[in-house]
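So this one's query26.csv, CSV, C-alpha atoms:
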chain,number,residue,atom,x,y,z
A,8,MET,CA,93.6,108.8,80.3
A,9,GLU,CA,95.9,106.5,78.4
A,10,ARG,CA,94.4,103.4,77.0
A,11,SER,CA,97.0,101.2,78.6
A,12,ILE,CA,96.3,102.5,82.1
A,13,ALA,CA,92.6,102.0,81.6
A,14,ASP,CA,93.2,98.4,80.5
A,15,GLN,CA,95.4,97.7,83.6
A,16,LEU,CA,92.7,99.2,85.8
A,17,GLU,CA,90.1,97.0,84.2
A,18,THR,CA,92.3,93.9,84.6
A,19,LEU,CA,92.8,94.7,88.3
A,20,HIS,CA,89.2,95.7,89.0
A,21,ALA,CA,88.1,92.5,90.8
A,22,ALA,CA,91.3,92.2,92.8
A,23,ALA,CA,91.1,95.9,93.6
A,24,PHE,CA,87.5,95.5,94.9
A,25,GLY,CA,88.7,92.6,97.1
A,26,TRP,CA,91.4,94.8,98.5
A,27,ALA,CA,89.0,97.7,99.0
A,28,LEU,CA,86.7,95.3,100.8
A,29,HIS,CA,89.4,94.3,103.1
A,30,CYS,CA,90.4,97.9,103.8
A,31,CYS,CA,86.7,98.6,104.6
A,32,ALA,CA,86.4,95.6,107.0
A,33,GLY,CA,84.0,93.8,104.7
A,34,ASP,CA,81.5,96.6,104.2
A,35,HIS,CA,80.5,96.3,100.5
A,36,ALA,CA,78.9,99.7,100.2
A,37,ARG,CA,81.9,101.5,101.6
A,38,ALA,CA,84.3,99.4,99.5
A,39,GLU,CA,82.4,100.4,96.3
A,40,ASP,CA,82.6,104.1,97.4
A,41,VAL,CA,86.3,103.8,98.1
A,42,LEU,CA,87.0,102.1,94.8
A,43,GLN,CA,84.9,104.7,92.9
A,44,ASN,CA,86.8,107.6,94.7
A,45,ALA,CA,90.1,106.0,93.7
A,46,TYR,CA,89.0,105.8,90.1
A,47,LEU,CA,88.0,109.5,90.3
A,48,LYS,CA,91.4,110.4,91.6
A,49,MET,CA,92.9,108.6,88.6
A,50,ALA,CA,90.5,110.3,86.2
A,51,ARG,CA,91.2,113.8,87.6
A,52,GLU,CA,94.9,113.0,87.6
A,53,GLN,CA,95.2,113.7,91.3
A,54,THR,CA,97.5,110.7,91.5
A,55,ARG,CA,99.9,109.3,88.9
A,56,HIS,CA,102.0,106.1,88.6
A,57,ASP,CA,105.6,107.2,88.5
A,58,GLY,CA,107.1,103.8,87.6
A,59,ARG,CA,109.0,103.3,90.9
A,60,SER,CA,106.9,100.3,91.7
A,61,THR,CA,104.7,98.0,89.8
A,62,PHE,CA,101.3,99.3,88.7
A,63,LYS,CA,99.5,96.9,90.9
A,64,THR,CA,101.3,97.7,94.1
A,65,TRP,CA,101.0,101.5,93.4
A,66,TRP,CA,97.3,101.1,92.7
A,67,PHE,CA,96.7,99.2,95.8
A,68,GLY,CA,98.6,101.9,97.8
A,69,VAL,CA,96.2,104.5,96.3
A,70,ILE,CA,93.1,102.4,97.3
A,71,ARG,CA,94.5,101.9,100.8
A,72,LEU,CA,95.0,105.7,101.2
A,73,THR,CA,91.5,106.4,99.8
A,74,ALA,CA,90.1,103.9,102.3
A,75,HIS,CA,91.8,105.6,105.2
A,76,GLU,CA,90.4,109.0,104.0
A,77,GLU,CA,87.0,107.4,103.8
A,78,PHE,CA,87.4,106.0,107.3
A,79,ARG,CA,88.2,109.5,108.7
A,80,ARG,CA,85.1,110.9,106.9
A,81,LEU,CA,83.0,108.0,108.3
A,82,ARG,CA,84.3,108.7,111.8
A,83,TYR,CA,83.2,112.3,111.5
A,84,ARG,CA,79.8,111.2,110.3
A,85,GLU,CA,79.4,108.9,113.2
A,86,SER,CA,80.4,111.6,115.7
A,87,LEU,CA,77.6,113.4,117.5
A,88,LEU,CA,77.8,116.6,115.4
A,89,GLY,CA,78.0,114.5,112.2
A,90,ARG,CA,74.9,112.5,113.1
A,91,LEU,CA,73.0,115.6,114.0
A,92,LEU,CA,73.8,117.2,110.7
A,93,LEU,CA,72.8,114.0,108.8
A,94,GLN,CA,69.5,113.9,110.7
A,95,VAL,CA,68.9,117.6,109.9
A,96,SER,CA,69.7,117.0,106.2
A,97,GLY,CA,67.7,113.7,106.1
A,98,GLN,CA,70.6,111.7,104.6
A,99,GLU,CA,71.0,109.3,107.4
A,100,GLN,CA,71.4,105.6,106.3
A,101,ASP,CA,72.2,102.4,108.0
A,102,PRO,CA,75.6,101.2,106.9
A,103,ARG,CA,75.1,97.7,108.1
A,104,PRO,CA,74.2,95.0,105.5
A,105,SER,CA,70.6,94.0,105.3
A,106,PRO,CA,69.5,90.7,106.9
A,107,SER,CA,69.0,89.2,103.5
A,108,ARG,CA,72.5,90.3,102.5
A,109,ARG,CA,73.9,88.7,105.7
A,110,MET,CA,72.2,85.5,104.8
A,111,GLU,CA,73.9,85.5,101.4
A,112,LEU,CA,77.4,85.9,102.8
A,113,ASP,CA,79.2,82.7,102.7
A,114,GLU,CA,79.9,81.4,106.2
A,115,ARG,CA,83.5,80.3,105.6
A,116,ALA,CA,84.4,83.6,104.0
A,117,ALA,CA,82.6,85.4,106.8
A,118,GLU,CA,84.5,83.4,109.4
A,119,LEU,CA,87.8,84.3,107.8
A,120,ARG,CA,86.9,88.0,107.8
A,121,ARG,CA,85.9,87.8,111.4
A,122,CYS,CA,89.2,86.2,112.4
A,123,LEU,CA,91.2,88.7,110.3
A,124,ALA,CA,89.3,91.5,112.1
A,125,GLN,CA,90.7,90.3,115.4
A,126,LEU,CA,94.3,90.6,114.2
A,127,PRO,CA,96.2,93.8,114.4
A,128,ALA,CA,95.6,95.8,111.2
A,129,ARG,CA,99.1,95.4,109.8
A,130,GLN,CA,99.0,91.6,110.3
A,131,ALA,CA,95.7,91.3,108.6
A,132,GLU,CA,96.8,93.6,105.8
A,133,VAL,CA,99.9,91.6,105.0
A,134,LEU,CA,98.1,88.3,105.1
A,135,HIS,CA,95.4,89.6,102.7
A,136,LEU,CA,98.0,91.0,100.3
A,137,VAL,CA,100.1,87.8,100.3
A,138,PHE,CA,97.4,85.0,100.4
A,139,TYR,CA,94.5,86.8,98.7
A,140,GLN,CA,96.3,89.1,96.3
A,141,ASP,CA,99.3,86.8,95.6
A,142,LEU,CA,101.8,89.6,96.3
A,143,THR,CA,105.3,89.0,97.5
A,144,LEU,CA,106.4,90.3,100.9
A,145,ASN,CA,108.4,93.0,99.1
A,146,GLU,CA,105.3,94.1,97.2
A,147,ALA,CA,103.2,94.0,100.4
A,148,ALA,CA,105.8,96.2,102.0
A,149,GLU,CA,105.5,98.7,99.2
A,150,VAL,CA,101.7,98.8,99.4
A,151,MET,CA,101.8,99.2,103.2
A,152,ARG,CA,104.8,101.6,103.1
A,153,VAL,CA,106.7,99.8,105.8
A,154,SER,CA,110.1,98.0,105.7
A,155,ILE,CA,110.4,94.5,104.5
A,156,GLY,CA,111.7,93.4,108.0
A,157,SER,CA,108.5,94.8,109.6
A,158,VAL,CA,106.3,93.1,107.0
A,159,ARG,CA,108.0,89.8,107.5
A,160,GLN,CA,107.4,90.0,111.3
A,161,HIS,CA,103.7,90.9,110.8
A,162,TYR,CA,103.4,88.0,108.3
A,163,GLU,CA,104.8,85.4,110.7
A,164,ARG,CA,102.9,86.6,113.7
A,165,GLY,CA,99.7,87.0,111.7
A,166,LYS,CA,99.8,83.5,110.3
A,167,ALA,CA,100.3,82.0,113.8
A,168,ARG,CA,97.5,84.1,115.3
A,169,LEU,CA,95.1,83.5,112.4
A,170,ARG,CA,95.6,79.7,112.6
A,171,SER,CA,94.8,79.8,116.3
A,172,LEU,CA,91.6,81.7,115.7
A,173,LEU,CA,90.3,79.7,112.7
A,174,GLN,CA,88.3,76.6,113.3
A,175,PRO,CA,89.7,73.4,111.5
A,176,ASP,CA,88.6,73.6,107.9
A,177,PRO,CA,86.0,70.9,107.1
A,178,HIS,CA,86.7,71.4,103.3
A,179,PRO,CA,90.5,71.5,103.0
B,18,MET,CA,104.7,66.3,96.0
B,19,LYS,CA,105.4,68.0,99.3
B,20,PRO,CA,102.5,70.1,100.5
B,21,HIS,CA,103.0,73.8,101.0
B,22,PRO,CA,103.1,74.6,104.7
B,23,ASP,CA,100.5,77.4,104.2
B,24,ASP,CA,98.1,75.4,102.1
B,25,ASP,CA,95.4,75.6,104.8
B,26,LEU,CA,95.5,79.4,104.7
B,27,LEU,CA,95.8,79.6,100.9
B,28,ALA,CA,92.6,77.5,100.6
B,29,ARG,CA,90.7,79.8,103.0
B,30,PHE,CA,91.8,83.0,101.2
B,31,GLU,CA,91.1,81.4,97.7
B,32,HIS,CA,87.6,80.6,98.8
B,33,ALA,CA,87.1,84.2,100.1
B,34,ARG,CA,88.4,85.6,96.9
B,35,ARG,CA,85.9,83.5,94.8
B,36,CYS,CA,83.0,84.8,97.0
B,37,ASP,CA,84.2,88.4,96.7
B,38,ARG,CA,84.6,88.2,92.9
B,39,GLU,CA,81.0,87.1,92.6
B,40,ASP,CA,79.9,90.1,94.5
B,41,ALA,CA,82.2,92.6,92.9
B,42,PRO,CA,80.5,95.5,91.1
B,43,ALA,CA,80.7,95.6,87.3
B,44,TRP,CA,83.6,97.5,85.7
B,45,ARG,CA,82.4,101.0,84.8
B,46,PRO,CA,84.8,102.7,82.4
B,47,GLU,CA,82.8,105.9,82.5
B,48,LEU,CA,84.2,106.5,86.0
B,49,LEU,CA,87.5,107.3,84.3
B,50,GLU,CA,85.9,110.0,82.1
B,51,GLN,CA,85.6,112.7,84.7
B,52,ARG,CA,88.0,115.3,83.3
B,53,PRO,CA,85.4,118.0,82.6
B,54,ALA,CA,84.3,118.0,86.3
B,55,ALA,CA,87.9,118.4,87.3
B,56,ARG,CA,88.3,121.4,85.0
B,57,ARG,CA,85.2,123.0,86.4
B,58,SER,CA,86.5,122.7,89.9
B,59,SER,CA,89.9,124.1,88.9
B,60,VAL,CA,88.2,127.1,87.4
B,61,LEU,CA,86.3,127.5,90.7
B,62,TRP,CA,89.6,127.3,92.6
B,63,SER,CA,91.2,129.9,90.3
B,64,TRP,CA,88.6,132.4,91.7
B,65,HIS,CA,89.7,131.9,95.2
B,66,PRO,CA,92.8,134.2,95.3
B,67,ALA,CA,90.7,137.0,93.7
B,68,ALA,CA,87.9,136.5,96.2
B,69,LEU,CA,90.4,136.5,99.0
B,70,ALA,CA,92.0,139.7,97.9
B,71,ALA,CA,88.6,141.4,97.5
B,72,ALA,CA,87.7,140.3,101.1
B,73,CYS,CA,91.0,141.7,102.4
B,74,VAL,CA,90.4,145.1,100.7
B,75,ILE,CA,86.9,145.3,102.1
B,76,LEU,CA,88.1,144.4,105.6
B,77,LEU,CA,90.9,147.0,105.4
B,78,ALA,CA,88.5,149.7,104.2
B,79,VAL,CA,86.1,149.0,107.1
B,80,PHE,CA,88.9,149.0,109.6
B,81,LEU,CA,90.5,152.2,108.3
B,82,GLY,CA,87.1,153.9,107.9
B,83,GLY,CA,86.3,153.1,111.5
B,84,SER,CA,89.6,154.4,112.9
B,85,MET,CA,89.4,157.7,111.0
B,86,HIS,CA,86.0,158.6,112.3
B,87,ASP,CA,86.7,160.6,115.5
B,88,GLU,CA,84.5,159.7,118.4
B,89,PRO,CA,84.3,162.2,121.4
B,90,ARG,CA,86.0,161.0,124.6
B,91,LEU,CA,83.7,159.5,127.2
B,92,SER,CA,84.6,162.0,129.9
B,93,GLU,CA,83.7,164.8,127.5
B,94,ALA,CA,80.5,163.1,126.3
B,95,LEU,CA,79.0,162.6,129.8
B,96,PRO,CA,77.2,165.6,131.4
B,97,PRO,CA,78.8,167.1,134.6
B,98,LEU,CA,76.9,165.6,137.5
B,99,PHE,CA,78.5,167.3,140.6
B,100,GLU,CA,79.2,170.9,140.0
B,101,ALA,CA,78.9,171.9,143.6
B,102,PRO,CA,82.0,173.5,145.2
B,103,ALA,CA,84.3,171.2,147.1
B,104,GLY,CA,83.6,171.3,150.9
B,105,GLU,CA,82.5,169.3,153.8
B,106,LEU,CA,79.3,167.2,153.6
B,107,PHE,CA,76.8,167.7,156.4
B,108,ALA,CA,78.7,170.6,157.8
B,109,SER,CA,75.6,172.0,159.5
B,110,LEU,CA,74.8,168.9,161.6
B,111,GLU,CA,77.8,168.6,163.9
B,112,PRO,CA,81.1,170.2,164.4
B,113,SER,CA,83.7,169.0,162.0
B,114,PRO,CA,86.4,166.7,163.5
B,115,LEU,CA,88.7,168.6,161.2
B,116,ALA,CA,88.0,171.8,163.0
B,117,PHE,CA,88.8,170.4,166.6
B,118,GLU,CA,92.1,171.3,168.1
B,119,ALA,CA,93.1,169.3,171.1
B,120,PRO,CA,95.6,170.7,173.7
B,121,SER,CA,98.9,168.9,173.7
B,122,ASP,CA,98.5,167.5,177.3
B,123,PHE,CA,94.7,167.1,177.6
B,124,LEU,CA,95.0,163.3,178.2
B,125,LEU,CA,97.3,163.6,181.2
B,126,THR,CA,95.7,163.5,184.7
B,127,ASP,CA,96.3,166.4,187.1
B,128,HIS,CA,98.9,164.7,189.3
B,129,PHE,CA,101.0,164.0,186.3
B,130,THR,CA,101.0,167.6,185.5
B,131,LEU,CA,104.4,168.9,186.1
B,132,SER,CA,104.7,172.1,188.0
B,133,ILE,CA,107.9,174.0,187.7
B,134,PRO,CA,108.7,175.9,191.0

How does the structure come out when it is put into structure tokens?
Amino acid sequence: MERSIADQLETLHAAAFGWALHCCAGDHARAEDVLQNAYLKMAREQTRHDGRSTFKTWWFGVIRLTAHEEFRRLRYRESLLGRLLLQVSGQEQDPRPSPSRRMELDERAAELRRCLAQLPARQAEVLHLVFYQDLTLNEAAEVMRVSIGSVRQHYERGKARLRSLLQPDPHP
Amino acid sequence: MKPHPDDDLLARFEHARRCDREDAPAWRPELLEQRPAARRSSVLWSWHPAALAAACVILLAVFLGGSMHDEPRLSEALPPLFEAPAGELFASLEPSPLAFEAPSDFLLTDHFTLSIP
């Protein structure tokens, strides 16, 4: 792999983890798996940046797609047949965070995540990309693979809905 | 300075970002050094057409071998069960209805019997 690409991936690593975490509804273990699988795709050259968009928006698109693949796999594992096979193979594990981990989670960040989870997925995605990742609406549209008009609509509706869900911030 | 209309949301997301960055796993450059594994898997995939062709040949051979082997017809393979000559069953017990010949006017009563002078 080219040195410049590896450098860009390293620079984006923390932001990419935050995006993976959002795509996995705050599940740290799954977000780590998703990010690792995305890196493997890059290493195996299963995906390549063709220069039509910025590296960041392209890379976030790859992570989003990988998270969706992981979600489909997880849905199968949670199905009756999947659970049966996991029990037989003895690989069953609890995906929920441990109680100690839950205690560690910051309450304000957890509240934001809870409220985002109540929004339609597209609205939550665009709010995360704009406010958390500092992307423009055009860049968010590229990551989400929807039109700019659609993104603008999700953005406005999402903001209004999120404000109605959040408690007034005691630490503005 | 005029406050940004979305400052409240920006502050929330900024706080969440700081929390997540503390929890983010360390950067592992070795994840990007996976090319040998990819090559192994591509070698594995290159065997698939050959394996598929071999399986097709075997299936074809089994199918053709099975169809060329002549099996006797079922009617020929079964032993003859009823070789007795065709005839009436229980002919000795009662007269056969087939042998009865009724007269043409046997149902008519006597006064209906026409007498031609």

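In this model, the gap between atom CA of Gln130 of chain A and atom CA of Thr61 of chain A comes to 22.2 Å.
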
Near chain B, which residues of chain A fall within 10 Å when you count all atoms listed in the file, and what do they look like as a PDB file with C-alpha atoms, keeping the file's coordinate frame?
ATOM      1  CA  MET A   8      93.600 108.800  80.300  1.00  0.00           C
ATOM      2  CA  ALA A  13      92.600 102.000  81.600  1.00  0.00           C
ATOM      3  CA  ASP A  14      93.200  98.400  80.500  1.00  0.00           C
ATOM      4  CA  LEU A  16      92.700  99.200  85.800  1.00  0.00           C
ATOM      5  CA  GLU A  17      90.100  97.000  84.200  1.00  0.00           C
ATOM      6  CA  THR A  18      92.300  93.900  84.600  1.00  0.00           C
ATOM      7  CA  LEU A  19      92.800  94.700  88.300  1.00  0.00           C
ATOM      8  CA  HIS A  20      89.200  95.700  89.000  1.00  0.00           C
ATOM      9  CA  ALA A  21      88.100  92.500  90.800  1.00  0.00           C
ATOM     10  CA  ALA A  22      91.300  92.200  92.800  1.00  0.00           C
ATOM     11  CA  ALA A  23      91.100  95.900  93.600  1.00  0.00           C
ATOM     12  CA  PHE A  24      87.500  95.500  94.900  1.00  0.00           C
ATOM     13  CA  GLY A  25      88.700  92.600  97.100  1.00  0.00           C
ATOM     14  CA  TRP A  26      91.400  94.800  98.500  1.00  0.00           C
ATOM     15  CA  LEU A  28      86.700  95.300 100.800  1.00  0.00           C
ATOM     16  CA  GLY A  33      84.000  93.800 104.700  1.00  0.00           C
ATOM     17  CA  HIS A  35      80.500  96.300 100.500  1.00  0.00           C
ATOM     18  CA  ALA A  38      84.300  99.400  99.500  1.00  0.00           C
ATOM     19  CA  GLU A  39      82.400 100.400  96.300  1.00  0.00           C
ATOM     20  CA  LEU A  42      87.000 102.100  94.800  1.00  0.00           C
ATOM     21  CA  GLN A  43      84.900 104.700  92.900  1.00  0.00           C
ATOM     22  CA  ASN A  44      86.800 107.600  94.700  1.00  0.00           C
ATOM     23  CA  ALA A  45      90.100 106.000  93.700  1.00  0.00           C
ATOM     24  CA  TYR A  46      89.000 105.800  90.100  1.00  0.00           C
ATOM     25  CA  LEU A  47      88.000 109.500  90.300  1.00  0.00           C
ATOM     26  CA  LYS A  48      91.400 110.400  91.600  1.00  0.00           C
ATOM     27  CA  MET A  49      92.900 108.600  88.600  1.00  0.00           C
ATOM     28  CA  ALA A  50      90.500 110.300  86.200  1.00  0.00           C
ATOM     29  CA  ARG A  51      91.200 113.800  87.600  1.00  0.00           C
ATOM     30  CA  GLU A  52      94.900 113.000  87.600  1.00  0.00           C
ATOM     31  CA  GLN A  53      95.200 113.700  91.300  1.00  0.00           C
ATOM     32  CA  LEU A 112      77.400  85.900 102.800  1.00  0.00           C
ATOM     33  CA  ASP A 113      79.200  82.700 102.700  1.00  0.00           C
ATOM     34  CA  GLU A 114      79.900  81.400 106.200  1.00  0.00           C
ATOM     35  CA  ARG A 115      83.500  80.300 105.600  1.00  0.00           C
ATOM     36  CA  ALA A 116      84.400  83.600 104.000  1.00  0.00           C
ATOM     37  CA  ALA A 117      82.600  85.400 106.800  1.00  0.00           C
ATOM     38  CA  GLU A 118      84.500  83.400 109.400  1.00  0.00           C
ATOM     39  CA  LEU A 119      87.800  84.300 107.800  1.00  0.00           C
ATOM     40  CA  ARG A 120      86.900  88.000 107.800  1.00  0.00           C
ATOM     41  CA  LEU A 134      98.100  88.300 105.100  1.00  0.00           C
ATOM     42  CA  HIS A 135      95.400  89.600 102.700  1.00  0.00           C
ATOM     43  CA  VAL A 137     100.100  87.800 100.300  1.00  0.00           C
ATOM     44  CA  PHE A 138      97.400  85.000 100.400  1.00  0.00           C
ATOM     45  CA  TYR A 139      94.500  86.800  98.700  1.00  0.00           C
ATOM     46  CA  GLN A 140      96.300  89.100  96.300  1.00  0.00           C
ATOM     47  CA  ASP A 141      99.300  86.800  95.600  1.00  0.00           C
ATOM     48  CA  LYS A 166      99.800  83.500 110.300  1.00  0.00           C
ATOM     49  CA  LEU A 169      95.100  83.500 112.400  1.00  0.00           C
ATOM     50  CA  ARG A 170      95.600  79.700 112.600  1.00  0.00           C
ATOM     51  CA  LEU A 173      90.300  79.700 112.700  1.00  0.00           C
ATOM     52  CA  PRO A 175      89.700  73.400 111.500  1.00  0.00           C
ATOM     53  CA  ASP A 176      88.600  73.600 107.900  1.00  0.00           C
ATOM     54  CA  HIS A 178      86.700  71.400 103.300  1.00  0.00           C
ATOM     55  CA  PRO A 179      90.500  71.500 103.000  1.00  0.00           C
TER      56      PRO A 179
END

(message) Between atom CA of Cys30 of chain A and atom CA of Arg80 of chain A, what distance in Å does the model show, to one decimal?
(response) 14.4 Å

(message) Could you tell me how far atom CA of Pro22 of chain B sits from atom CA of Arg168 of chain A, in Å to one decimal place?
(response) 15.3 Å

(request) Extract, using all atoms listed in the file, all DNA, RNA and protein residues at most 10 Å from Val150 of chain A, discarding same-chain residues fewer than 6 positions from it, and format them as a list in words. (result) Ser60, Lys63, Thr64, Trp65, Trp66, Phe67, Gly68, Val69, Ile70, Arg71, Leu72, Glu132, Val133, Leu136, Leu142 and Leu144 of chain A

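Closest to Arg152 of chain A among A:Gln174, A:Arg129, A:His56, A:Leu81 is A:Arg129, based on all atoms listed in the file.
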